[in-house]
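J.: What follows is a single structure, and I will ask about it in a moment.
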Amino acid sequence: MNACQERIRPTDLPFLTDFWYVAGWRSEFESVGPHARTIIDQPIVLYRDRKNKLVALADRCAHRWAPLSLGRVEGDTLRCMYHGIRFGPDGACVAIPEQDVIPPKMCVRAYPVIERNKLVWVWMGSPDLADASLVPDLAALDQDGRKISFGSLDYKANYALIADNLLDLSHIGFLHENTAGRPVASGNLARACYLPGGSEAKTIDHGVRVESWVSGPAARNVLLPAAVPDGDLWTRTDFLVPGIFISEDRMYPYGVAERSGFRVPDPNIAALSDAISVQAVTPVSDRKTRYFYSFSPGADDVPASEFEAMWTVVKDTFAEDLKMIEAQQIIIDEHPAHQMAGIAADRGFVLFRKMVSRLAAEQSQTGGIGAI
Amino acid sequence: MNACQERIRPTDLPFLTDFWYVAGWRSEFESVGPHARTIIDQPIVLYRDRKNKLVALADRCAHRWAPLSLGRVEGDTLRCMYHGIRFGPDGACVAIPEQDVIPPKMCVRAYPVIERNKLVWVWMGSPDLADASLVPDLAALDQDGRKISFGSLDYKANYALIADNLLDLSHIGFLHENTAGRPVASGNLARACYLPGGSEAKTIDHGVRVESWVSGPAARNVLLPAAVPDGDLWTRTDFLVPGIFISEDRMYPYGVAERSGFRVPDPNIAALSDAISVQAVTPVSDRKTRYFYSFSPGADDVPASEFEAMWTVVKDTFAEDLKMIEAQQIIIDEHPAHQMAGIAADRGFVLFRKMVSRLAAEQSQTGGIGAI
Amino acid sequence: MNACQERIRPTDLPFLTDFWYVAGWRSEFESVGPHARTIIDQPIVLYRDRKNKLVALADRCAHRWAPLSLGRVEGDTLRCMYHGIRFGPDGACVAIPEQDVIPPKMCVRAYPVIERNKLVWVWMGSPDLADASLVPDLAALDQDGRKISFGSLDYKANYALIADNLLDLSHIGFLHENTAGRPVASGNLARACYLPGGSEAKTIDHGVRVESWVSGPAARNVLLPAAVPDGDLWTRTDFLVPGIFISEDRMYPYGVAERSGFRVPDPNIAALSDAISVQAVTPVSDRKTRYFYSFSPGADDVPASEFEAMWTVVKDTFAEDLKMIEAQQIIIDEHPAHQMAGIAADRGFVLFRKMVSRLAAEQSQTGGIGAI
């Protein structure tokens, strides 16, 4: 019960630079652009070159800091529409009206950008370190035939509070008692339902994993397709730095939990259903965060009307999170010096906060890159 | 004419803690709740237990600072609807989901609360010092048969500016020349009208009292019932720390002022009318204040339509105060270093400001309690 | 190409006090008032006395800082409608209700004010230094028979960014490619069009002057009356401290540029057209600026419908400036520590910024007056 003694300061988490951040769903960037986004306090402009490749530059003309997102895409370049200066995909200035010499400082920062798994990713650290293999594997978003829906929300809160939320799903039975947590919110959620091992949080590579087995009617929530029978439900959620959340819910026939020693289910046993939700938390500023979410039900043959009803529940659920977290942020900001009391369920986000703090400290020791 | 030489800094007044504050009219708290209020920068949640007794707790779950006012009343307890932690009326945690041990710090501050005279009072200081007998006597609000109306306003201003306003009613003839001050605003208000002694401000226990006698037509304002004849009008206003305003206007037959030596009227002489207004100024933050007001006309048999017309004048009057004071606050905040020039009529609020400053100094010397 | 190496800090420009500022168009002050305006952070109230002369006082009653602009004009005086104190045109208090002695500090600052050339000017420095001859000569605004229109805009930006804009008109071909710059925005604006000497910026008394000759179709923009033939276009823009912009566009027959040595045209040669625009940039606060503009076409016999179309283009043009400059201000404020890269076209505003900085330094060395 160590976690209960912990006192966590309600301070924000620092921004990590050497990571791929979700700039948005690919569907947001179908047009040539320019498109304006802000990630960890850095304004960015994205546009498509003549080969339809996405380019990401600092959204700030090197001349007088007019936003390039008010500019115009011309071929592979982006022209600032204040005084007409043009920049190439590498951020170098290619033309200044009325002037032949281009001063060396007339350039803007270029950000590595990758389109993968229905998402657009931008590398916010030193370009030298941008390794495409570090983009989290979200192939689940691209499976043929899977029903899937996408959404996003803008939070007036630090990203840390959203990470806390996703790293402690014990809130579902309370905050979401009328939405995603409906059937399980019958007074004393979960405790009687968890199978041996309970809900377990542990550190993994670049993140924190929480796994649990629940059995019987308690395992049944409104997001489980009606056609799927009751059984043993295995849930795994990974929360990866800087803010990628991957959740999987698999229903198995009764007994599989025990046969798997209440650990990861045997891969040879077929699941009755397999629901996936990929979410991403992208800090905009210290009090603004953009939140991306998706939902794919546990079975592909869910009728359209049932899937639509589920999606409504998902959206309502995230609206409840937003309302609570923004209210929490206001309370925190009014009295920043107070201390919080910990509980056992905090373990997931305590591990995550330590990881982010450690990575931020390493980042500052190696100099990092920060904003230009 | 000493007051004229005074230079009063336009600084805000400090918040006093060891006092009963008006949280609202009782009618605002008829339902079980929870109800959110903020008093002197402290967010508070109020709810009714199973015996209908009002409970007041800090509106900030000890766990992750979610507002308890987004929670749910369950019997005598209040459950935080983020992660489900429950607190009792004394602020102690009574249950944490999934966990048997309750850490000692898992508690919230409880505030003494009293319902009296149509108002809800919350003690903002050390609970040990909460003495119900310190609640100002506002029995006037509860008199059987009295016609009375209630209202409230939210100011974007420090409470000190509202106190200034209520402690110098010489503004009525100007700011309210078309509302409460209508008939007396004929150029040179009051001076020719005040009987010997003028308008006198003096310190009383826990506050400042202003008394005056005015006679003849000048004593007649639009809030005097039509059926009441002209005469000598005696007015007493008490402004008590932290912000309770009690005003009484009694019309007497001509000559009573002189017979009373231009002082407090002889209690054996019956008044022709007796109008009462109780008001309260509750600081929310340094630039937000909640203002409560009521009005009871000088005679119980005022026709309903006349009373309704009076109430409209009262509301219009307070809307004029709000507009002026919020504009004054903006000017003050734009140039906080300037100095103000005093006049004789400032005496009431000069006395009050000194009293509050002294009480605040005593409070900080004895340690006080402040916010937890 | 020295300007290209320059690094200009995006800091705001300081406010100059010893200058005449435009408070507004005279048409804004036709009624008796009071009228509220704020200039370089100083709230001012203007009203007309019995002789219709404009008076300008600090908009802050000396007593409790209520805004005098919520007051009432009474004869030659202005009465504060909070507690009824009256001030004369010189700012001296002339009456306090209920009180004979007027304390010496009971006065407000009076500002010299001049109505000239359709504008109202207020002197923001020491009244001793207020010299009416320092009001810029804008007689052009008053020419009989001239068609002229007036407008104004409120910017959320420091005045320096608007000065930058008006001192580098190279932006017209880009930012205004669909409005005032339409016909000349064909890819490589201006360069091929400037006659020898190009666009020349130089310091003049109290300001910066930019002059240029352009010839042929490139000289033709949508604001040139249709009846005026192509030729050599001479443009002169003066930008005077603190923020007066006077622009003149004169079309001459082909050859006049060369005959004038590509310098100021020979005054004996009649112009084919002569368009004038007077504009004024009045700082309100560090992030608010009021912008006044006018436009008079190059010929008096322009048909009303053509003039109306031109005026629409002018308003659309200034709306584009506002959108760009407010966006630029946001970017600057998000990252105030960054540096800008200069180009040759910056020369005009580089000269102006140096002049303002020098004047501000002189002002602070001699003590200046500042706000009372």
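How things are named: the first chain in the structure tokens is A, the next is B, and so on; residues count from 1 in each chain; ligands count from 1 in the order shown.
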Using only C-alpha atoms and a cut-off of 7 Å, which residues of chain A sit close to chain C? Please list them as a compact mmCIF listing (two decimals) with C-alpha atoms, in the first residue's frame.

T.:
# COMPACT_ATOMS: atom_id res chain seq x y z
CA ALA A 62 11.97 34.20 -40.49
CA HIS A 63 11.54 37.81 -41.62
CA ARG A 64 8.84 39.45 -39.49
CA TRP A 65 7.24 36.36 -37.93
CA ALA A 66 4.09 36.45 -39.93
CA PRO A 67 2.43 33.03 -39.75
CA MET A 81 1.87 36.23 -48.05
CA TYR A 82 2.96 39.22 -46.00
CA HIS A 83 6.10 40.28 -47.90
CA GLY A 84 6.34 37.40 -50.37
CA PRO A 97 11.26 39.72 -53.66
CA GLU A 98 13.42 42.58 -54.93
CA PRO A 103 20.87 36.17 -45.69
CA LYS A 105 19.51 33.39 -41.11
CA MET A 106 16.57 33.62 -43.48

J.: Could you pull the residues within 6 Å of segment 107-118 of chain A, counting only C-alpha atoms, minus those fewer than 5 positions along the same chain, as a VMD selection string?

T.: chain A and resid 25 to 26 56 to 58 62 90 to 93 123 138 to 139 141 to 142

J.: Filtering to all heavy atoms, could you give me those residues as a compact mmCIF listing (two decimals), in the first residue's frame?

T.:
# COMPACT_ATOMS: atom_id res chain seq x y z
N TRP A 25 -5.27 13.36 -37.49
CA TRP A 25 -5.65 12.26 -38.37
C TRP A 25 -5.27 12.64 -39.80
O TRP A 25 -5.34 13.82 -40.18
CB TRP A 25 -7.18 12.02 -38.27
CG TRP A 25 -7.62 11.59 -36.90
CD1 TRP A 25 -8.33 12.34 -36.00
CD2 TRP A 25 -7.37 10.33 -36.27
NE1 TRP A 25 -8.53 11.62 -34.85
CE2 TRP A 25 -7.95 10.38 -34.98
CE3 TRP A 25 -6.70 9.16 -36.65
CZ2 TRP A 25 -7.89 9.31 -34.08
CZ3 TRP A 25 -6.65 8.10 -35.76
CH2 TRP A 25 -7.24 8.17 -34.49
N ARG A 26 -4.88 11.68 -40.60
CA ARG A 26 -4.51 11.97 -41.99
C ARG A 26 -5.63 12.67 -42.73
O ARG A 26 -5.40 13.51 -43.60
CB ARG A 26 -4.14 10.68 -42.71
CG ARG A 26 -2.83 10.10 -42.23
CD ARG A 26 -2.51 8.79 -42.90
NE ARG A 26 -2.05 8.98 -44.28
CZ ARG A 26 -1.40 8.04 -44.94
NH1 ARG A 26 -1.13 6.87 -44.38
NH2 ARG A 26 -1.02 8.25 -46.18
N ALA A 56 6.51 19.82 -42.99
CA ALA A 56 6.18 20.53 -41.75
C ALA A 56 7.27 21.56 -41.46
O ALA A 56 8.45 21.21 -41.35
CB ALA A 56 6.05 19.56 -40.58
N LEU A 57 6.88 22.81 -41.35
CA LEU A 57 7.83 23.90 -41.06
C LEU A 57 7.34 24.67 -39.83
O LEU A 57 6.15 24.62 -39.48
CB LEU A 57 7.91 24.87 -42.25
CG LEU A 57 8.31 24.31 -43.61
CD1 LEU A 57 8.28 25.43 -44.66
CD2 LEU A 57 9.71 23.69 -43.55
N ALA A 58 8.28 25.40 -39.23
CA ALA A 58 7.86 26.35 -38.18
C ALA A 58 6.88 27.34 -38.81
O ALA A 58 7.13 27.86 -39.90
CB ALA A 58 9.07 27.08 -37.61
N ALA A 62 10.73 33.75 -41.12
CA ALA A 62 11.97 34.20 -40.49
C ALA A 62 12.12 35.72 -40.53
O ALA A 62 12.86 36.29 -39.74
CB ALA A 62 13.17 33.55 -41.18
N ASP A 90 12.82 22.13 -46.93
CA ASP A 90 13.85 22.00 -45.89
C ASP A 90 13.92 23.25 -45.02
O ASP A 90 14.77 23.33 -44.13
CB ASP A 90 15.21 21.74 -46.53
CG ASP A 90 15.61 22.85 -47.50
OD1 ASP A 90 14.76 23.75 -47.76
OD2 ASP A 90 16.75 22.83 -47.99
N GLY A 91 13.03 24.21 -45.26
CA GLY A 91 13.01 25.41 -44.45
C GLY A 91 13.92 26.52 -44.95
O GLY A 91 13.91 27.62 -44.43
N ALA A 92 14.71 26.21 -45.98
CA ALA A 92 15.60 27.24 -46.52
C ALA A 92 14.80 28.22 -47.36
O ALA A 92 13.86 27.84 -48.06
CB ALA A 92 16.69 26.59 -47.38
N CYS A 93 15.21 29.48 -47.31
CA CYS A 93 14.57 30.49 -48.14
C CYS A 93 15.03 30.31 -49.58
O CYS A 93 16.23 30.17 -49.85
CB CYS A 93 14.97 31.89 -47.62
SG CYS A 93 14.34 33.23 -48.63
N TRP A 123 8.09 14.90 -35.71
CA TRP A 123 9.20 14.72 -34.77
C TRP A 123 9.59 16.08 -34.21
O TRP A 123 9.96 16.98 -34.96
CB TRP A 123 10.38 14.08 -35.49
CG TRP A 123 11.61 13.90 -34.63
CD1 TRP A 123 12.69 14.71 -34.57
CD2 TRP A 123 11.85 12.82 -33.72
NE1 TRP A 123 13.61 14.21 -33.68
CE2 TRP A 123 13.12 13.04 -33.13
CE3 TRP A 123 11.13 11.68 -33.33
CZ2 TRP A 123 13.68 12.17 -32.19
CZ3 TRP A 123 11.70 10.83 -32.41
CH2 TRP A 123 12.96 11.08 -31.84
N LEU A 138 0.81 1.10 -34.83
CA LEU A 138 -0.64 1.19 -34.68
C LEU A 138 -1.33 0.55 -35.87
O LEU A 138 -2.35 1.06 -36.38
CB LEU A 138 -1.07 2.65 -34.51
CG LEU A 138 -0.44 3.38 -33.31
CD1 LEU A 138 -0.91 4.82 -33.26
CD2 LEU A 138 -0.78 2.66 -32.01
N ALA A 139 -0.77 -0.57 -36.32
CA ALA A 139 -1.31 -1.25 -37.49
C ALA A 139 -2.78 -1.60 -37.28
O ALA A 139 -3.54 -1.75 -38.24
CB ALA A 139 -0.49 -2.51 -37.78
N LEU A 141 -5.06 0.18 -36.56
CA LEU A 141 -5.92 1.19 -37.17
C LEU A 141 -6.17 0.93 -38.65
O LEU A 141 -7.06 1.54 -39.24
CB LEU A 141 -5.27 2.58 -37.02
CG LEU A 141 -5.28 3.21 -35.63
CD1 LEU A 141 -4.42 4.45 -35.60
CD2 LEU A 141 -6.71 3.55 -35.22
N ASP A 142 -5.34 0.07 -39.24
CA ASP A 142 -5.38 -0.11 -40.70
C ASP A 142 -5.94 -1.45 -41.14
O ASP A 142 -5.87 -1.78 -42.32
CB ASP A 142 -3.97 0.05 -41.28
CG ASP A 142 -3.55 1.50 -41.32
OD1 ASP A 142 -4.43 2.35 -41.50
OD2 ASP A 142 -2.35 1.78 -41.17

J.: Leaving out Asp232 of chain B and any residue of its chain fewer than 6 positions from it, which residues lie within 10 Å of it when counting only C-alpha atoms, given as a list in words?

T.: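 The residues satisfying every condition are Leu195, Trp213, Val214, Ser215, Gly216, Pro217, Ala218, Ala219, Arg220, Arg250, Met251, Tyr252, Pro253, Tyr254, Gly255, Val256, Ala257, Glu258, Ala271 and Leu272 of chain B.
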
J.: Can you work out which one of A:Leu16, A:Gln99, A:Arg48, A:Phe295 has the shortest atom-to-atom distance to Glu30 of chain A, counting only C-alpha atoms?

T.: A:Arg48

J.: Per DSSP on the backbone, what are the strand (DSSP E or B) residues of segment 133-231 of chain C, as an mmCIF file with all heavy atoms, in the first residue's frame?

T.:
data_model
loop_
_atom_site.group_PDB
_atom_site.id
_atom_site.type_symbol
_atom_site.label_atom_id
_atom_site.label_comp_id
_atom_site.auth_asym_id
_atom_site.auth_seq_id
_atom_site.Cartn_x
_atom_site.Cartn_y
_atom_site.Cartn_z
ATOM 1 N N SER C 149 -13.229 59.709 -48.127
ATOM 2 C CA SER C 149 -13.958 58.861 -47.173
ATOM 3 C C SER C 149 -13.057 58.553 -45.984
ATOM 4 O O SER C 149 -11.826 58.576 -46.101
ATOM 5 C CB SER C 149 -14.421 57.560 -47.831
ATOM 6 O OG SER C 149 -15.561 57.770 -48.621
ATOM 7 N N PHE C 150 -13.695 58.239 -44.844
ATOM 8 C CA PHE C 150 -12.959 58.029 -43.591
ATOM 9 C C PHE C 150 -13.372 56.732 -42.924
ATOM 10 O O PHE C 150 -14.530 56.338 -43.006
ATOM 11 C CB PHE C 150 -13.266 59.168 -42.598
ATOM 12 C CG PHE C 150 -13.067 60.524 -43.173
ATOM 13 C CD1 PHE C 150 -14.128 61.208 -43.762
ATOM 14 C CD2 PHE C 150 -11.814 61.101 -43.151
ATOM 15 C CE1 PHE C 150 -13.936 62.463 -44.316
ATOM 16 C CE2 PHE C 150 -11.618 62.352 -43.697
ATOM 17 C CZ PHE C 150 -12.681 63.036 -44.287
ATOM 18 N N GLY C 151 -12.444 56.131 -42.209
ATOM 19 C CA GLY C 151 -12.779 54.922 -41.447
ATOM 20 C C GLY C 151 -11.820 54.736 -40.292
ATOM 21 O O GLY C 151 -10.880 55.518 -40.092
ATOM 22 N N SER C 152 -12.065 53.712 -39.515
ATOM 23 C CA SER C 152 -11.135 53.391 -38.428
ATOM 24 C C SER C 152 -11.256 51.916 -38.071
ATOM 25 O O SER C 152 -12.258 51.265 -38.377
ATOM 26 C CB SER C 152 -11.416 54.264 -37.193
ATOM 27 O OG SER C 152 -12.728 54.044 -36.744
ATOM 28 N N LEU C 153 -10.207 51.400 -37.445
ATOM 29 C CA LEU C 153 -10.136 49.987 -37.071
ATOM 30 C C LEU C 153 -9.468 49.884 -35.704
ATOM 31 O O LEU C 153 -8.587 50.685 -35.371
ATOM 32 C CB LEU C 153 -9.262 49.206 -38.064
ATOM 33 C CG LEU C 153 -9.850 48.817 -39.411
ATOM 34 C CD1 LEU C 153 -8.757 48.235 -40.300
ATOM 35 C CD2 LEU C 153 -10.987 47.815 -39.220
ATOM 36 N N ASP C 154 -9.871 48.877 -34.935
ATOM 37 C CA ASP C 154 -9.206 48.619 -33.660
ATOM 38 C C ASP C 154 -8.335 47.377 -33.773
ATOM 39 O O ASP C 154 -8.829 46.289 -34.072
ATOM 40 C CB ASP C 154 -10.257 48.434 -32.551
ATOM 41 C CG ASP C 154 -10.908 49.757 -32.199
ATOM 42 O OD1 ASP C 154 -10.163 50.692 -31.862
ATOM 43 O OD2 ASP C 154 -12.141 49.859 -32.292
ATOM 44 N N TYR C 155 -7.043 47.553 -33.553
ATOM 45 C CA TYR C 155 -6.076 46.463 -33.634
ATOM 46 C C TYR C 155 -5.795 45.876 -32.254
ATOM 47 O O TYR C 155 -5.651 46.616 -31.284
ATOM 48 C CB TYR C 155 -4.745 47.000 -34.153
ATOM 49 C CG TYR C 155 -4.553 46.947 -35.644
ATOM 50 C CD1 TYR C 155 -5.137 47.910 -36.459
ATOM 51 C CD2 TYR C 155 -3.785 45.955 -36.235
ATOM 52 C CE1 TYR C 155 -4.939 47.876 -37.837
ATOM 53 C CE2 TYR C 155 -3.581 45.911 -37.610
ATOM 54 C CZ TYR C 155 -4.163 46.873 -38.407
ATOM 55 O OH TYR C 155 -3.967 46.833 -39.754
ATOM 56 N N TYR C 194 10.202 49.410 -60.940
ATOM 57 C CA TYR C 194 10.806 50.619 -60.378
ATOM 58 C C TYR C 194 11.725 51.257 -61.409
ATOM 59 O O TYR C 194 12.491 50.586 -62.089
ATOM 60 C CB TYR C 194 11.651 50.291 -59.133
ATOM 61 C CG TYR C 194 10.830 50.157 -57.860
ATOM 62 C CD1 TYR C 194 10.971 49.032 -57.053
ATOM 63 C CD2 TYR C 194 9.941 51.144 -57.463
ATOM 64 C CE1 TYR C 194 10.249 48.890 -55.880
ATOM 65 C CE2 TYR C 194 9.204 51.016 -56.298
ATOM 66 C CZ TYR C 194 9.357 49.895 -55.504
ATOM 67 O OH TYR C 194 8.647 49.766 -54.365
ATOM 68 N N GLU C 200 13.077 54.450 -52.276
ATOM 69 C CA GLU C 200 14.131 55.056 -51.451
ATOM 70 C C GLU C 200 13.559 55.525 -50.114
ATOM 71 O O GLU C 200 12.633 56.331 -50.081
ATOM 72 C CB GLU C 200 14.689 56.264 -52.217
ATOM 73 C CG GLU C 200 15.868 56.922 -51.595
ATOM 74 C CD GLU C 200 17.197 56.316 -52.058
ATOM 75 O OE1 GLU C 200 17.203 55.580 -53.079
ATOM 76 O OE2 GLU C 200 18.209 56.566 -51.391
ATOM 77 N N ALA C 201 14.139 55.022 -49.032
ATOM 78 C CA ALA C 201 13.690 55.467 -47.705
ATOM 79 C C ALA C 201 14.742 56.366 -47.087
ATOM 80 O O ALA C 201 15.931 56.072 -47.161
ATOM 81 C CB ALA C 201 13.428 54.270 -46.794
ATOM 82 N N LYS C 202 14.309 57.486 -46.499
ATOM 83 C CA LYS C 202 15.263 58.369 -45.835
ATOM 84 C C LYS C 202 14.600 59.087 -44.670
ATOM 85 O O LYS C 202 13.379 59.230 -44.628
ATOM 86 C CB LYS C 202 15.825 59.396 -46.829
ATOM 87 C CG LYS C 202 14.775 60.344 -47.340
ATOM 88 C CD LYS C 202 15.374 61.332 -48.327
ATOM 89 C CE LYS C 202 14.273 62.243 -48.882
ATOM 90 N NZ LYS C 202 14.727 63.047 -50.020
ATOM 91 N N THR C 203 15.446 59.528 -43.752
ATOM 92 C CA THR C 203 14.941 60.244 -42.597
ATOM 93 C C THR C 203 14.597 61.673 -42.978
ATOM 94 O O THR C 203 15.355 62.332 -43.699
ATOM 95 C CB THR C 203 16.007 60.245 -41.489
ATOM 96 O OG1 THR C 203 16.270 58.890 -41.143
ATOM 97 C CG2 THR C 203 15.526 60.979 -40.263
ATOM 98 N N ILE C 204 13.439 62.149 -42.528
ATOM 99 C CA ILE C 204 13.107 63.567 -42.669
ATOM 100 C C ILE C 204 12.820 64.110 -41.273
ATOM 101 O O ILE C 204 12.904 63.375 -40.285
ATOM 102 C CB ILE C 204 11.887 63.797 -43.595
ATOM 103 C CG1 ILE C 204 10.685 63.017 -43.058
ATOM 104 C CG2 ILE C 204 12.217 63.414 -45.022
ATOM 105 C CD1 ILE C 204 9.381 63.319 -43.780
ATOM 106 N N GLY C 207 10.309 62.131 -39.049
ATOM 107 C CA GLY C 207 9.736 60.953 -39.684
ATOM 108 C C GLY C 207 10.625 60.332 -40.731
ATOM 109 O O GLY C 207 11.826 60.644 -40.836
ATOM 110 N N VAL C 208 10.013 59.452 -41.504
ATOM 111 C CA VAL C 208 10.722 58.733 -42.560
ATOM 112 C C VAL C 208 9.919 58.886 -43.845
ATOM 113 O O VAL C 208 8.685 58.763 -43.834
ATOM 114 C CB VAL C 208 10.875 57.240 -42.198
ATOM 115 C CG1 VAL C 208 11.407 56.444 -43.378
ATOM 116 C CG2 VAL C 208 11.801 57.084 -40.985
ATOM 117 N N ARG C 209 10.622 59.183 -44.917
ATOM 118 C CA ARG C 209 9.981 59.363 -46.222
ATOM 119 C C ARG C 209 10.443 58.257 -47.173
ATOM 120 O O ARG C 209 11.620 57.901 -47.212
ATOM 121 C CB ARG C 209 10.360 60.732 -46.787
ATOM 122 C CG ARG C 209 9.957 60.960 -48.242
ATOM 123 C CD ARG C 209 10.083 62.419 -48.607
ATOM 124 N NE ARG C 209 9.094 63.211 -47.886
ATOM 125 C CZ ARG C 209 8.993 64.559 -47.969
ATOM 126 N NH1 ARG C 209 9.831 65.236 -48.736
ATOM 127 N NH2 ARG C 209 8.066 65.188 -47.291
ATOM 128 N N VAL C 210 9.493 57.724 -47.928
ATOM 129 C CA VAL C 210 9.816 56.741 -48.970
ATOM 130 C C VAL C 210 9.270 57.277 -50.283
ATOM 131 O O VAL C 210 8.099 57.684 -50.359
ATOM 132 C CB VAL C 210 9.189 55.362 -48.658
ATOM 133 C CG1 VAL C 210 9.587 54.344 -49.726
ATOM 134 C CG2 VAL C 210 9.618 54.875 -47.276
ATOM 135 N N GLU C 211 10.128 57.315 -51.308
ATOM 136 C CA GLU C 211 9.699 57.819 -52.619
ATOM 137 C C GLU C 211 10.078 56.838 -53.706
ATOM 138 O O GLU C 211 11.108 56.147 -53.607
ATOM 139 C CB GLU C 211 10.370 59.170 -52.924
ATOM 140 C CG GLU C 211 9.792 60.321 -52.112
ATOM 141 C CD GLU C 211 10.643 61.582 -52.217
ATOM 142 O OE1 GLU C 211 11.884 61.477 -52.078
ATOM 143 O OE2 GLU C 211 10.070 62.650 -52.441
ATOM 144 N N SER C 212 9.279 56.780 -54.773
ATOM 145 C CA SER C 212 9.615 55.890 -55.893
ATOM 146 C C SER C 212 8.917 56.349 -57.164
ATOM 147 O O SER C 212 7.911 57.052 -57.124
ATOM 148 C CB SER C 212 9.185 54.462 -55.577
ATOM 149 O OG SER C 212 7.779 54.387 -55.505
ATOM 150 N N TRP C 213 9.489 55.948 -58.263
ATOM 151 C CA TRP C 213 8.872 56.117 -59.592
ATOM 152 C C TRP C 213 8.617 54.721 -60.150
ATOM 153 O O TRP C 213 9.494 53.854 -60.105
ATOM 154 C CB TRP C 213 9.813 56.846 -60.554
ATOM 155 C CG TRP C 213 9.848 58.331 -60.421
ATOM 156 C CD1 TRP C 213 10.808 59.064 -59.812
ATOM 157 C CD2 TRP C 213 8.895 59.255 -60.956
ATOM 158 N NE1 TRP C 213 10.541 60.398 -59.893
ATOM 159 C CE2 TRP C 213 9.341 60.549 -60.607
ATOM 160 C CE3 TRP C 213 7.699 59.131 -61.681
ATOM 161 C CZ2 TRP C 213 8.662 61.708 -60.958
ATOM 162 C CZ3 TRP C 213 7.022 60.283 -62.035
ATOM 163 C CH2 TRP C 213 7.495 61.568 -61.668
ATOM 164 N N VAL C 214 7.445 54.501 -60.669
ATOM 165 C CA VAL C 214 7.124 53.265 -61.384
ATOM 166 C C VAL C 214 6.492 53.703 -62.687
ATOM 167 O O VAL C 214 5.857 54.751 -62.760
ATOM 168 C CB VAL C 214 6.139 52.397 -60.569
ATOM 169 C CG1 VAL C 214 5.816 51.109 -61.309
ATOM 170 C CG2 VAL C 214 6.723 52.073 -59.203
ATOM 171 N N SER C 215 6.675 52.902 -63.731
ATOM 172 C CA SER C 215 6.180 53.353 -65.025
ATOM 173 C C SER C 215 5.400 52.254 -65.745
ATOM 174 O O SER C 215 5.601 51.061 -65.506
ATOM 175 C CB SER C 215 7.359 53.800 -65.892
ATOM 176 O OG SER C 215 6.886 54.456 -67.047
#

J.: Any idea what's packed within 10 Å of Tyr291 of chain A, counting only C-alpha atoms, ignoring anything in its chain fewer than 6 positions away? Could you give it as a list in words?

T.: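 Listed by chain and then number, they are Val22, Gly24, Gly151, Ser152, Leu153, Asp154, Tyr155, Tyr159, Ile162, Gly243, Gln279, Ala280, Val281, Thr282, Pro283, Val284, Phe318 and Leu322 of chain A.
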
J.: How many Å lie between atom CA of Ser285 of chain C and atom CA of Asp205 of chain C, rounded to one decimal?

T.: 26.1 Å

J.: Using DSSP on the backbone coordinates, identify the residues of segment 194-365 of chain C assigned to helix (DSSP H, G or I); present them as a ChimeraX atom specification.

T.: /C:216-219,256-259,304-334,344-365
